[in-house]
Each structure stands twice: as C-alpha cells, then as structure tokens.
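Asks: mmCIF, C-alpha atoms, file data.cif:
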```cif
data_run
loop_
_atom_site.label_atom_id
_atom_site.label_comp_id
_atom_site.auth_asym_id
_atom_site.auth_seq_id
_atom_site.Cartn_x
_atom_site.Cartn_y
_atom_site.Cartn_z
CA MET A 1 142.79 63.85 107.49
CA PRO A 2 145.74 65.61 109.20
CA ALA A 3 147.20 63.96 112.27
CA PRO A 4 146.10 65.27 115.66
CA ALA A 5 147.69 68.59 116.49
CA ILE A 6 149.33 67.41 119.71
CA PRO A 7 153.06 66.65 119.26
CA ALA A 8 154.08 63.09 120.10
CA SER A 9 156.77 64.41 122.46
CA GLU A 10 154.22 66.33 124.54
CA PRO A 11 151.56 63.99 125.91
CA PRO A 12 148.36 65.44 127.37
CA LEU A 13 148.69 66.89 130.84
CA PRO A 14 147.34 64.72 133.69
CA ASP A 15 144.25 66.88 134.18
CA ASP A 16 143.32 67.10 130.49
CA SER A 17 141.13 64.00 130.59
CA ARG A 18 139.39 65.21 133.73
CA TYR A 19 138.50 68.57 132.21
CA MET A 20 137.49 66.94 128.91
CA ALA A 21 135.09 64.77 130.91
CA LEU A 22 133.42 67.99 132.10
CA ALA A 23 133.20 69.19 128.51
CA LEU A 24 131.64 65.86 127.55
CA ALA A 25 129.01 66.36 130.25
CA GLU A 26 128.15 69.70 128.64
CA ALA A 27 127.96 68.01 125.24
CA ARG A 28 125.54 65.40 126.59
CA ALA A 29 123.37 68.18 127.98
CA ALA A 30 123.36 69.80 124.52
CA ALA A 31 122.26 66.51 122.96
CA ALA A 32 119.44 66.18 125.48
CA ALA A 33 118.24 69.63 124.39
CA GLY A 34 118.27 68.60 120.72
CA GLU A 35 121.48 70.47 119.86
CA VAL A 36 124.55 68.95 118.20
CA PRO A 37 126.51 67.55 121.17
CA VAL A 38 129.52 69.80 121.61
CA GLY A 39 130.60 71.03 125.03
CA ALA A 40 133.37 73.28 126.34
CA VAL A 41 134.94 74.39 129.61
CA VAL A 42 137.44 77.17 130.36
CA VAL A 43 140.06 76.52 133.04
CA ARG A 44 142.49 78.91 134.68
CA ASP A 45 145.01 78.03 137.39
CA GLY A 46 143.35 74.67 137.90
CA ARG A 47 139.87 76.13 138.40
CA VAL A 48 136.91 75.86 136.03
CA ILE A 49 135.72 79.41 135.46
CA ALA A 50 133.15 78.84 132.70
CA THR A 51 131.30 76.17 130.75
CA GLY A 52 129.39 76.19 127.47
CA ARG A 53 127.36 73.92 125.25
CA ASN A 54 125.99 74.20 121.73
CA ALA A 55 122.80 76.29 121.66
CA PRO A 56 122.26 77.82 118.18
CA ILE A 57 118.80 76.25 117.83
CA ALA A 58 117.48 77.24 121.26
CA THR A 59 118.86 80.77 121.01
CA ALA A 60 118.28 81.27 117.26
CA ASP A 61 121.90 82.42 117.21
CA PRO A 62 124.30 80.99 114.61
CA THR A 63 127.28 82.05 116.76
CA ALA A 64 126.14 80.11 119.86
CA HIS A 65 128.71 77.36 119.52
CA ALA A 66 129.91 75.76 122.75
CA GLU A 67 133.26 77.57 122.58
CA ILE A 68 131.66 80.99 122.07
CA VAL A 69 129.24 80.41 124.94
CA ALA A 70 132.12 79.38 127.21
CA LEU A 71 134.32 82.31 126.13
CA ARG A 72 131.55 84.82 126.87
CA ALA A 73 130.93 83.28 130.29
CA ALA A 74 134.65 83.25 131.08
CA ALA A 75 135.10 86.89 130.07
CA ALA A 76 132.13 87.87 132.24
CA ALA A 77 133.50 85.89 135.21
CA LEU A 78 136.94 87.51 134.92
CA GLY A 79 135.70 90.96 133.99
CA ASN A 80 138.10 91.01 131.05
CA TYR A 81 137.76 90.11 127.39
CA ARG A 82 141.38 88.96 127.45
CA LEU A 83 141.61 85.39 128.75
CA ASP A 84 145.35 85.24 129.35
CA GLY A 85 146.49 82.05 131.03
CA CYS A 86 143.26 80.18 130.24
CA THR A 87 142.85 76.75 128.65
CA LEU A 88 139.71 75.96 126.70
CA TYR A 89 138.63 72.33 126.46
CA VAL A 90 136.14 71.42 123.74
CA THR A 91 134.85 68.05 122.56
CA LEU A 92 135.11 68.84 118.82
CA GLU A 93 137.86 70.58 116.87
CA PRO A 94 136.96 74.31 116.70
CA CYS A 95 135.61 75.87 113.52
CA ALA A 96 137.08 79.04 111.99
CA MET A 97 134.67 81.31 113.88
CA CYS A 98 135.49 79.81 117.27
CA SER A 99 139.20 79.61 116.54
CA GLY A 100 139.24 83.29 115.63
CA ALA A 101 137.43 84.16 118.86
CA MET A 102 139.97 82.20 120.90
CA LEU A 103 142.83 84.00 119.23
CA HIS A 104 141.21 87.39 119.86
CA ALA A 105 140.68 86.42 123.51
CA ARG A 106 144.36 85.49 123.85
CA VAL A 107 143.51 82.00 125.12
CA ALA A 108 146.79 80.34 126.04
CA ARG A 109 145.91 76.77 125.17
CA VAL A 110 143.14 74.87 123.37
CA VAL A 111 142.52 71.16 123.91
CA TYR A 112 139.99 69.39 121.71
CA GLY A 113 138.68 65.85 121.50
CA ALA A 114 137.44 64.68 118.09
CA ALA A 115 138.86 66.06 114.85
CA ASP A 116 136.38 67.66 112.43
CA PRO A 117 137.26 66.83 108.81
CA ARG A 118 134.49 69.12 107.48
CA THR A 119 135.03 72.44 109.29
CA GLY A 120 137.96 71.96 111.65
CA ALA A 121 140.22 75.03 111.81
CA ALA A 122 142.96 73.54 113.98
CA GLY A 123 144.53 71.48 111.24
CA SER A 124 141.86 69.28 109.66
CA VAL A 125 140.66 71.78 107.02
CA VAL A 126 142.70 74.88 107.81
CA ASP A 127 145.07 75.69 110.68
CA LEU A 128 144.39 79.19 111.95
CA PHE A 129 146.41 78.53 115.09
CA GLY A 130 149.48 77.76 113.00
CA GLU A 131 149.26 80.95 110.92
CA PRO A 132 152.64 82.64 111.54
CA ARG A 133 151.44 86.11 110.49
CA LEU A 134 149.01 86.43 113.40
CA ASN A 135 150.19 88.39 116.43
CA HIS A 136 149.05 85.81 119.00
CA HIS A 137 149.74 82.10 119.02
CA THR A 138 147.67 79.65 121.01
CA ARG A 139 149.00 76.20 121.77
CA VAL A 140 146.71 73.49 120.41
CA GLU A 141 146.49 69.84 121.44
CA GLY A 142 144.00 67.43 119.89
CA GLY A 143 142.84 63.90 120.40
CA VAL A 144 142.13 64.01 124.16
CA GLU A 145 139.32 61.51 124.82
CA ALA A 146 138.76 61.53 121.07
CA ALA A 147 136.96 58.17 121.01
CA ALA A 148 134.37 59.25 123.57
CA CYS A 149 133.85 62.62 121.88
CA SER A 150 133.48 61.05 118.44
CA ALA A 151 131.12 58.33 119.71
CA LEU A 152 128.83 60.93 121.26
CA LEU A 153 128.52 62.74 117.93
CA SER A 154 128.05 59.53 115.95
CA ASP A 155 125.35 58.27 118.31
CA PHE A 156 123.52 61.60 118.13
CA PHE A 157 123.38 61.71 114.33
CA ARG A 158 122.54 58.01 114.08
CA ALA A 159 119.56 58.50 116.38
CA ARG A 160 118.46 61.60 114.49
CA ARG A 161 118.54 59.76 111.17
CA ALA A 162 116.51 56.91 112.66
CA ALA A 163 113.85 59.18 114.16
CA PRO A 164 110.68 59.78 112.14
CA SER A 165 110.86 63.11 110.33
CA ALA A 166 108.16 65.68 110.90
CA ALA A 167 106.44 66.61 107.67
CA ALA A 168 107.06 70.14 106.41
CA PRO A 169 104.08 72.33 105.46
CA LEU A 170 103.07 71.84 101.85
CA ARG A 171 103.61 74.76 99.47
CA GLU A 172 100.54 75.96 97.60
CA ASP A 173 102.25 75.43 94.24
CA ALA A 174 103.19 71.82 94.98
CA LEU A 175 101.59 68.43 95.59
CA ARG A 176 102.57 65.67 98.02
CA THR A 177 101.61 62.08 97.25
CA PRO A 178 99.74 60.51 100.20
CA ALA A 179 102.02 58.29 102.28
CA GLY A 180 99.52 55.45 102.10
CA ARG A 181 100.36 54.86 98.44
CA PHE A 182 103.87 53.71 99.39
CA ALA A 183 105.12 50.64 101.20
CA PRO A 184 106.52 51.37 104.70
CA ASP A 185 110.20 52.36 104.73
CA ALA A 186 112.03 52.20 108.05
CA HIS A 187 114.87 54.26 106.59
CA LEU A 188 112.76 57.11 105.19
CA GLN A 189 113.90 60.66 105.98
CA THR A 190 112.54 64.05 104.90
CA LEU A 191 114.06 67.51 104.71
CA ALA A 192 112.79 70.94 103.68
CA ALA A 193 115.52 73.21 105.08
CA LEU A 194 117.79 73.35 102.04
CA PRO A 195 117.76 76.86 100.51
CA ALA A 196 117.33 75.50 96.97
CA LEU A 197 114.17 73.65 98.00
CA ALA A 198 112.48 76.90 99.09
CA GLY A 199 110.18 74.96 101.42
CA LEU A 200 109.64 71.88 99.27
CA GLN A 201 110.08 68.59 101.10
CA LEU A 202 112.76 66.18 99.87
CA ALA A 203 112.44 62.49 100.80
CA TRP A 204 115.15 59.86 100.82
CA SER A 205 116.05 56.45 102.19
CA ASP A 206 119.23 56.37 104.27
CA LEU A 207 120.88 53.17 105.44
CA PRO A 208 123.50 54.58 107.85
CA GLY A 209 126.21 51.91 107.55
CA ARG A 210 129.70 52.09 109.01
CA ARG A 211 132.59 54.18 107.66
CA ALA A 212 134.99 51.22 107.75
CA ALA A 213 132.63 49.13 105.61
CA GLY A 214 133.61 50.87 102.38
CA PRO A 215 132.53 53.86 100.32
CA ALA A 216 129.07 55.35 100.81
CA TRP A 217 126.70 55.10 97.85
CA LEU A 218 124.50 57.94 96.56
CA CYS A 219 121.94 56.50 94.15
CA LEU A 220 120.08 58.70 91.65
CA HIS A 221 116.99 57.16 90.11
CA ALA A 222 116.00 57.24 86.49
CA ALA A 223 113.43 59.60 85.10
CA PRO A 224 110.73 58.42 84.88
CA GLY A 225 111.05 56.60 88.15
CA TRP A 226 111.83 57.16 91.83
CA GLY A 227 113.88 55.57 94.60
CA HIS A 228 112.14 52.27 93.97
CA ASP A 229 114.55 51.95 91.03
CA PHE A 230 117.10 50.63 93.57
CA SER A 231 114.83 48.17 95.40
CA ALA A 232 116.77 45.19 94.03
CA ALA A 233 120.19 46.85 94.15
CA LEU A 234 119.98 48.33 97.64
CA PRO A 235 120.50 45.11 99.63
CA VAL A 236 123.59 44.35 97.56
CA LEU A 237 125.07 47.82 98.02
CA ALA A 238 124.33 47.76 101.76
CA GLN A 239 125.82 44.35 102.46
CA GLY A 240 128.79 44.57 104.77
CA GLY A 241 127.52 47.77 106.37
CA ALA A 242 128.13 50.37 103.63
CA ARG A 243 125.97 53.49 103.85
CA VAL A 244 123.43 53.83 101.04
CA VAL A 245 121.49 57.05 100.35
CA VAL A 246 118.63 57.01 97.83
CA PRO A 247 116.89 60.38 97.36
CA ASP A 248 113.68 60.94 95.44
CA LEU A 249 114.31 63.91 93.17
CA PRO A 250 111.86 66.81 93.60
CA GLY A 251 108.80 65.96 91.54
CA PHE A 252 109.29 62.21 91.98
CA GLY A 253 108.57 59.50 94.51
CA ARG A 254 107.83 60.65 98.04
CA SER A 255 109.28 64.14 97.51
CA ASP A 256 107.06 67.18 96.93
CA LYS A 257 106.00 67.78 93.34
CA PRO A 258 105.89 71.31 91.92
CA LYS A 259 102.78 71.72 89.79
CA ARG A 260 104.55 73.67 87.05
CA GLU A 261 106.85 72.02 84.53
CA SER A 262 108.89 75.24 84.40
CA ALA A 263 109.97 74.67 88.02
CA HIS A 264 112.29 71.90 86.81
CA SER A 265 115.70 72.51 85.29
CA LEU A 266 119.00 70.70 85.20
CA ALA A 267 120.71 73.50 87.16
CA TRP A 268 118.05 73.49 89.91
CA HIS A 269 118.08 69.73 90.42
CA ALA A 270 121.89 69.70 90.53
CA GLU A 271 121.91 72.52 93.10
CA VAL A 272 119.32 70.77 95.28
CA LEU A 273 121.48 67.65 95.28
CA ALA A 274 124.68 69.63 95.92
CA GLN A 275 123.11 71.16 99.03
CA PHE A 276 121.77 67.74 100.01
CA VAL A 277 125.27 66.25 99.75
CA ASP A 278 126.58 69.08 101.95
CA HIS A 279 123.82 68.40 104.47
CA LEU A 280 124.75 64.71 104.66
CA GLY A 281 128.48 65.44 104.84
CA LEU A 282 129.30 62.89 102.15
CA ARG A 283 132.98 62.51 101.33
CA ALA A 284 134.63 60.14 98.84
CA ALA A 285 131.28 58.54 98.02
CA VAL A 286 130.35 56.65 94.86
CA LEU A 287 127.54 58.12 92.77
CA LEU A 288 125.38 55.54 91.00
CA ALA A 289 123.08 57.09 88.39
CA HIS A 290 120.46 55.13 86.44
CA ARG A 291 119.19 55.99 82.96
CA GLY A 292 117.88 59.57 82.76
CA ALA A 293 119.80 60.68 85.86
CA ALA A 294 123.14 60.80 84.00
CA ALA A 295 122.94 64.50 83.11
CA ILE A 296 122.20 65.51 86.71
CA ALA A 297 124.92 63.18 88.01
CA LEU A 298 127.59 64.73 85.79
CA ALA A 299 126.56 68.26 86.84
CA LEU A 300 126.44 67.33 90.54
CA VAL A 301 129.93 65.86 90.72
CA ALA A 302 131.34 68.87 88.86
CA GLN A 303 129.82 71.07 91.60
CA ARG A 304 130.96 68.90 94.54
CA PRO A 305 134.05 66.98 93.37
CA ASP A 306 135.37 66.43 96.90
CA ALA A 307 132.21 64.54 97.83
CA PHE A 308 132.80 61.79 95.28
CA ALA A 309 135.54 59.27 94.57
CA GLY A 310 133.62 57.22 92.03
CA LEU A 311 130.92 57.42 89.35
CA LEU A 312 128.85 54.60 87.85
CA LEU A 313 126.40 55.32 85.06
CA ALA A 314 124.00 52.47 84.34
CA ASP A 315 122.70 52.89 80.77
CA PRO A 316 123.14 56.68 80.42
CA ARG A 317 120.47 57.04 77.71
CA PRO A 318 117.47 59.28 78.40
CA ALA A 319 114.45 57.34 79.69
CA ARG A 320 111.49 59.40 78.59
CA TRP A 321 107.99 58.87 79.85
CA ARG A 322 105.39 58.11 77.21
CA SER A 323 102.48 60.36 78.09
CA GLY A 324 99.14 58.64 78.24
CA SER A 325 100.33 55.23 79.43
CA ALA A 326 100.80 54.00 82.98
CA LEU A 327 104.34 54.38 84.26
CA GLY A 328 104.35 50.86 85.67
CA ALA A 329 103.65 49.48 82.21
CA GLN A 330 106.78 51.25 80.95
CA CYS A 331 108.86 49.95 83.87
CA GLY A 332 108.63 46.20 83.57
CA GLY A 333 104.98 46.05 84.63
CA ASP A 334 105.85 47.05 88.22
CA PRO A 335 102.84 48.88 89.74
CA ALA A 336 105.07 50.53 92.38
CA TYR A 337 106.17 53.00 89.69
CA ASP A 338 102.63 54.39 89.49
CA ALA A 339 102.39 55.00 93.25
CA PRO A 340 103.89 58.54 93.29
CA PHE A 341 101.77 59.81 90.39
CA PRO A 342 98.06 59.29 91.15
CA ASP A 343 96.90 61.86 88.60
CA ASN A 344 98.14 64.20 85.90
CA GLY A 345 98.80 67.03 88.38
CA HIS A 346 101.54 64.96 90.03
CA ARG A 347 103.34 64.35 86.71
CA ALA A 348 104.84 67.75 85.88
CA ALA A 349 108.37 66.43 86.44
CA LEU A 350 107.74 63.50 84.12
CA ARG A 351 106.79 65.92 81.35
CA ALA A 352 109.67 68.31 82.10
CA PHE A 353 112.48 65.76 82.22
CA ALA A 354 112.55 65.06 78.50
CA ALA A 355 114.30 68.41 78.01
CA ILE A 356 116.54 67.95 81.05
CA GLU A 357 117.75 64.53 79.94
CA ALA A 358 118.47 65.73 76.39
CA ALA A 359 120.43 68.82 77.45
CA PRO A 360 124.17 68.55 76.71
CA PRO A 361 126.51 69.15 79.65
CA ALA A 362 127.48 72.78 80.17
CA PRO A 363 130.98 73.66 78.91
CA HIS A 364 132.42 73.87 82.43
CA VAL A 365 130.94 70.44 83.26
CA GLN A 366 132.44 68.93 80.11
CA ALA A 367 135.80 70.50 80.97
CA PHE A 368 135.68 69.11 84.50
CA TRP A 369 135.08 65.53 83.36
CA ARG A 370 137.61 65.79 80.55
CA ASP A 371 140.44 67.42 82.51
CA ALA A 372 139.86 67.57 86.27
CA TRP A 373 138.12 64.35 87.36
CA ARG A 374 140.45 62.13 89.40
CA GLY A 375 138.06 59.44 90.61
CA ARG A 376 137.20 56.01 89.23
CA SER A 377 134.45 55.62 86.65
CA LEU A 378 132.41 52.84 85.12
CA VAL A 379 129.69 52.93 82.46
CA LEU A 380 127.35 49.96 82.04
CA ALA A 381 125.77 49.63 78.61
CA ALA A 382 122.41 48.02 77.99
CA PRO A 383 122.05 45.65 75.03
CA GLY A 384 121.52 47.21 71.64
CA ARG A 385 123.36 49.44 69.21
CA ALA A 386 121.77 52.69 70.40
CA ALA A 387 122.45 51.95 74.05
CA ASP A 388 126.07 51.03 73.32
CA ALA A 389 126.60 54.19 71.25
CA ALA A 390 125.21 56.38 74.06
CA ALA A 391 127.43 54.65 76.61
CA GLN A 392 130.50 55.00 74.37
CA ALA A 393 129.86 58.73 73.90
CA VAL A 394 129.54 59.38 77.63
CA ALA A 395 132.57 57.27 78.58
CA ALA A 396 134.72 59.05 75.99
CA GLY A 397 134.14 62.36 77.76
CA ILE A 398 135.21 61.12 81.21
CA ARG A 399 138.89 61.26 82.09
CA GLY A 400 140.30 57.80 82.78
CA CYS A 401 137.02 55.99 82.14
CA PRO A 402 137.44 52.51 80.65
CA PRO A 403 135.28 51.40 77.71
CA PRO A 404 131.67 50.69 78.65
CA GLU A 405 130.88 47.21 79.95
CA PRO A 406 127.84 45.46 78.50
CA LEU A 407 125.35 44.33 81.11
CA ASP A 408 122.00 42.80 80.32
CA GLY A 409 119.38 44.75 82.25
CA ALA A 410 121.50 47.87 82.84
CA GLY A 411 118.54 49.97 81.69
CA ALA A 412 115.83 47.90 83.34
CA HIS A 413 113.43 49.07 86.03
CA PRO A 414 114.26 48.41 88.80
CA LEU A 415 118.02 48.30 88.33
CA PRO A 416 118.92 44.61 88.64
CA ALA A 417 120.98 43.23 91.52
CA ARG A 418 123.72 42.13 89.13
CA ALA A 419 124.42 45.79 88.30
CA ALA A 420 124.90 46.50 92.00
CA GLU A 421 127.12 43.42 92.32
CA ARG A 422 129.35 44.76 89.56
CA ALA A 423 129.41 48.16 91.27
CA VAL A 424 130.50 46.66 94.59
CA GLU A 425 133.13 44.54 92.86
CA TYR A 426 134.53 47.54 90.98
CA PHE A 427 134.43 50.22 93.70
CA ALA A 428 134.54 48.48 97.09
CA PRO A 429 138.33 47.90 97.10
CA PHE A 430 138.76 51.69 96.87
CA SER A 431 137.35 52.69 100.25
CA PRO A 432 138.00 56.21 101.56
CA SER A 433 140.91 56.45 103.92
#
```
The structure in this file should be written as structure tokens.

Replies:
Amino acid sequence: MPAPAIPASEPPLPDDSRYMALALAEARAAAAAGEVPVGAVVVRDGRVIATGRNAPIATADPTAHAEIVALRAAAAALGNYRLDGCTLYVTLEPCAMCSGAMLHARVARVVYGAADPRTGAAGSVVDLFGEPRLNHHTRVEGGVEAAACSALLSDFFRARRAAPSAAAPLREDALRTPAGRFAPDAHLQTLAALPALAGLQLAWSDLPGRRAAGPAWLCLHAAPGWGHDFSAALPVLAQGGARVVVPDLPGFGRSDKPKRESAHSLAWHAEVLAQFVDHLGLRAAVLLAHRGAAAIALALVAQRPDAFAGLLLADPRPARWRSGSALGAQCGGDPAYDAPFPDNGHRAALRAFAAIEAAPPAPHVQAFWRDAWRGRSLVLAAPGRAADAAAQAVAAGIRGCPPPEPLDGAGAHPLPARAAERAVEYFAPFSPS
C-alpha cells in the first residue's frame, strides 16, 4: 500500500483533527442508518459550510457517497459550483468518482483519514490528484485520525458479518435445503446480490480473524461434498486469528440448488466465486481446494490473480459421485454429507460435476499458471499410483510449484487436520504485508 499522501515535512494543521472528528460523527450516523460509515465535511475560512454521509442505499443512488453529498450541499450553500478555497475532510480515501468531482469543483485541499487499498484514488490504487496533465491540482493530505476512521469501518463490517443474514426469495427453478438438516453454524452468512447468481442464494462460513494473524484462507470443497469438507481443518486454519472463508458452491451444501444440470458449468462457477472474492475484498489470500474443486480453483485464480498469494491443491483428482448410493457412504461414512441432498431433485450439481471436473483448463488458464503465476503453490498427493500421477501432472503445469508431497488422507472426506497443519506450516510465514 502506498504511504499516506501527506508529506512528512508538512504535518496536519491544528484544526484538521477537529474537523475530522465532525466527519467521523457523520460516518457514525451513516452506520446507524445501515450505510457504510463514511462521513465528510466542507470547510471554508474556518467555517463548516456543508456536511455529508454515505447514503447510496437510502437514496437508491450509486453516486451518493459522503463526498458527493457534501459537495452538493456546499455548492448550494455558496451558490457556486466552484468551491475555491474550500477544504473537504472525509474519513476514507476518496474513490475515482469523488476525486474527479473534487477536481471539477476546484476544491483547494482534501484531507482524508483511512487509506482505501481497494478503490482509493489519492494514491492507494491510482492518484488522480497527482496527474500532472489535469488543469487543476488539489492538495491532498492523508492519515488524519486514520486509526479512528479505520476502526469505525472495521467494526461496521465485523458486526455485519456476525449478524444473521436474511434469506433471499427462492427462485422457481431452484431448491433450498431446509436449515433444520444442518448443524447450527454461528459463522454462517448468505448472499444473493452477486450478478452471476441471478437471485440464487450463496451460503458460506466466515471466521473474520485479524489481518495481522496471517493470510486469509478461501477453502473450496470437493465435489461431491460441501463446506463440511473442512470441519476438521477449519480449527487448524483459524488458530492464531487467521480469517477462514468456506463457501458452499451453488448446488451444494446450504447454497441454493438449480434443478437443471445444464445450469452448472466451470465458467459459471468460477465467475460466481470471482464476484464473491470481490465482494469479500480478499487480497493475498491462500486458496485451498480439495479433490474435485481443483479445476474451479485454477480458473478462479487466473481470473483474480491479485486476490491470491498462495494455492494448495489437496489430491487434485476428480471425486465423482456414484449415483444410486448415499453420499455419506462415499465420504467415510459421515452422514453429514447427505444433509444437503434429501432427494434426487437436490442432486443436479452432483450429476453435472463429472463433466466439470474432467474438463481441461482453458488455454488462457494454462498459460497463466505456466507463465504468469507469482505466488507459492503446494500439491498434496493421496496414496496410490493414480493419485500421484494426477498430482504430478497438475504440479508440472504450475510455475514454481515444487513436486507433490505425499500425505495420507489428502483425498479423504472431511479433509484431515494434518493437511491443514501442513498448509499453515507452508504458507503462514508468507503473510501479506
């Protein structure tokens, strides 16, 4: 992440903290209204002339960021769309839209609190204010009350993840397994707003963790299977406070299940997960894929390379469901594997995944892993000649991947704790900076 924009030789002005406190009050009001807590104030000649807070949800307006709301109010108060001599204080580094509006308004100075490594346009992602070809230049200073601004955002998203999710309406062409078939999960979240889901509900377990604890883990279950695949591994991955995210793929587990086999494809599942990763804001995470999830994992990282710093494939062979027998019987006799699939109508994904697992990576995916991948990789091979050959073939196509490591139980259901212990040992020293 770039250093704060404020030069070391020019400390914040004495009143900067006082005005940022007013912006923080606006941000808290936004949080109370269910909006992402960002607040802004506009000051001219020592007088607050306008305030603003995030309101895109309440107003159904994607431009209603705190800065835009404050700029509109300031222009109305001054009777001029030019805001010469004004300073805008905002609790979060402005995005490209808001930065452009400030430049058009001729704002003299922008002071922000927390940096935004995802969309910040004052130096974190791009620096519109430092573009020399523009005809107006606004002075930018960052990091004022950054800890308080960042804590407010972190607390908001932590509380939102912990809150029970409201169930989305069920599509007519899908099924949803009754919640009573599953054990309670305090970390369960649901989401239906991703464009690729088209109204289907995705379920996942999310142990929030702490950034300083090490890399976040995104765990993709085998097919057949569901998030329960990581029931033994999850406590190991989460120890020390690392964030662990375990989604149920559409058609599996607690997620909605399209009735038609044709609804499932490698490209669709990879796109759903790519949008899911964007939604979570994952960066420099480690992707742990078990058995039949290898093909989707390789496609996902090729689509979102910046989201991942590591890849672990545990027994990358396909894990096909044998139609006509209980899933639990195929997964170590564990009855939890039968919970998501009470009847044949819920099993379309099980039938469809044989083709998905067997599909070779697309040429651009193969090229990415051969030439462009810069992260760390590890392949765990289950016992047996066929398992070792599959692991060797996959590892050979991944740039910088060492030879597969044999691990008894790498293909077992659930994934054994010793596989997670090896993952932590291998990847934990390489935490994101």

Asks: Going by the chain IDs and residue numbers used in this file, which residues fall under the PyMOL selection byres ((chain A and resi 223) around 7)? Write them as number ranges by chain.

Replies: A: 221-222, 224-225, 292-293, 319-320, 350, 353

Asks: Write the residues of the selection above to a file with C-alpha atoms, as a compact mmCIF listing (two decimals), keeping the file's coordinate frame.

Replies:
```txt
# COMPACT_ATOMS: atom_id res chain seq x y z
CA HIS A 221 116.99 57.16 90.11
CA ALA A 222 116.00 57.24 86.49
CA PRO A 224 110.73 58.42 84.88
CA GLY A 225 111.05 56.60 88.15
CA GLY A 292 117.88 59.57 82.76
CA ALA A 293 119.80 60.68 85.86
CA ALA A 319 114.45 57.34 79.69
CA ARG A 320 111.49 59.40 78.59
CA LEU A 350 107.74 63.50 84.12
CA PHE A 353 112.48 65.76 82.22
```

Asks: Tell me which residues come within 10 Å of (106.7, 64.9, 87.6), as a list in words, counting only C-alpha atoms in the file's coordinates.

Replies: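 Applying the cut-off with only C-alpha atoms, one gets Ala223, Pro224, Gly225, Leu249, Pro250, Gly251, Phe252, Gly253, Asp256, Lys257, Pro258, Lys259, Arg260, Glu261, His264, Trp321, Pro340, Phe341, Asn344, Gly345, His346, Arg347, Ala348, Ala349, Leu350, Arg351, Ala352 and Phe353 of chain A.
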
Asks: Using the chain letters and numbers from the file, give me the residues hit by the PyMOL selection byres ((chain A and resi 295) around 12), as JSON, numbers by chain.

Replies: {"A": [220, 221, 222, 223, 265, 266, 267, 269, 270, 289, 290, 291, 292, 293, 294, 296, 297, 298, 299, 300, 301, 302, 313, 315, 316, 317, 318, 319, 353, 354, 355, 356, 357, 358, 359, 360, 361, 362, 365, 366, 394]}

Asks: Compare A:Ala108, A:Val286, A:Leu311, A:Leu22 by their minimum atom-to-atom distance to Val48 in chain A, counting only C-alpha atoms, and give me the closest one.

Replies: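 Residue with the minimum atom-to-atom distance to Val48 in chain A: A:Leu22.
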
Asks: Looking at only C-alpha atoms, which of A:Ala25, A:Ala396, A:Leu288, A:Ala329 is the one that sits closest to Ala410 in chain A?

Replies: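 Of the candidates, the smallest distance to Ala410 in chain A is held by A:Leu288.
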
Asks: List the residues matched by the PyMOL selection byres ((chain A and resi 112) around 7) in the displayed structure as a PDB file with C-alpha atoms, keeping the file's coordinate frame, ordered by chain and then by residue number.

Replies:
```pdb
ATOM      1  CA  TYR A  89     138.630  72.330 126.460  1.00  0.00           C
ATOM      2  CA  VAL A  90     136.140  71.420 123.740  1.00  0.00           C
ATOM      3  CA  THR A  91     134.850  68.050 122.560  1.00  0.00           C
ATOM      4  CA  LEU A  92     135.110  68.840 118.820  1.00  0.00           C
ATOM      5  CA  GLU A  93     137.860  70.580 116.870  1.00  0.00           C
ATOM      6  CA  VAL A 110     143.140  74.870 123.370  1.00  0.00           C
ATOM      7  CA  VAL A 111     142.520  71.160 123.910  1.00  0.00           C
ATOM      8  CA  GLY A 113     138.680  65.850 121.500  1.00  0.00           C
ATOM      9  CA  ALA A 114     137.440  64.680 118.090  1.00  0.00           C
ATOM     10  CA  GLU A 141     146.490  69.840 121.440  1.00  0.00           C
ATOM     11  CA  GLY A 142     144.000  67.430 119.890  1.00  0.00           C
ATOM     12  CA  GLY A 143     142.840  63.900 120.400  1.00  0.00           C
ATOM     13  CA  VAL A 144     142.130  64.010 124.160  1.00  0.00           C
TER      14      VAL A 144
END
```

Asks: Taking all atoms listed in the file into account, which of A:Arg44, A:Arg118, A:His413, A:Arg53 comes nearest Ala30 in chain A?

Replies: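 Ranked by minimum distance to Ala30 in chain A, first place goes to A:Arg53.
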
Asks: CA of Gly100 in chain A and CA of His137 in chain A, how far apart in Å?

Replies: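 If I compute the distance from CA of His137 in chain A to CA of Gly100 in chain A, I get 11.1 Å.
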
Asks: My list of candidates is A:Thr177, A:Gln330, A:Ser150, A:Ser99. Which is closest to Glu67 in chain A when distances are computed with only C-alpha atoms?

Replies: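 Counting only C-alpha atoms, the residue closest to Glu67 in chain A is A:Ser99.
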
Asks: Counting all atoms listed in the file, which of A:Asp229, A:Asp173, A:Asp278, A:Asp338 gets nearest to Phe308 in chain A?

Replies: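 Closest residue, counting all atoms listed in the file: A:Asp278.
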
Asks: Env of range 237-247 of chain A: 7 Å cut, atoms = all atoms listed in the file, seq-sep filter 2 positions within chain, self excluded. Answer as a list in words.

Replies: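 The residues that qualify are Ala203, Trp204, Ser205, Asp206, Leu207, Pro208, Gly209, Arg210, Ala213, Gly214, Pro215, Ala216, Trp217, Leu218, Cys219, Leu220, Gly227, Ala233, Leu234, Pro235, Leu249, Ala420 and Val424 of chain A.
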
Asks: Taking only C-alpha atoms into account, name the residue in A:Ala198, A:Cys98, A:Ala428, A:Ala174 that is nearest to Pro62 in chain A.

Replies: A:Cys98

Asks: One number please: CA of Phe182 in chain A to CA of Cys331 in chain A, in Å, one decimal.

Replies: 16.7 Å
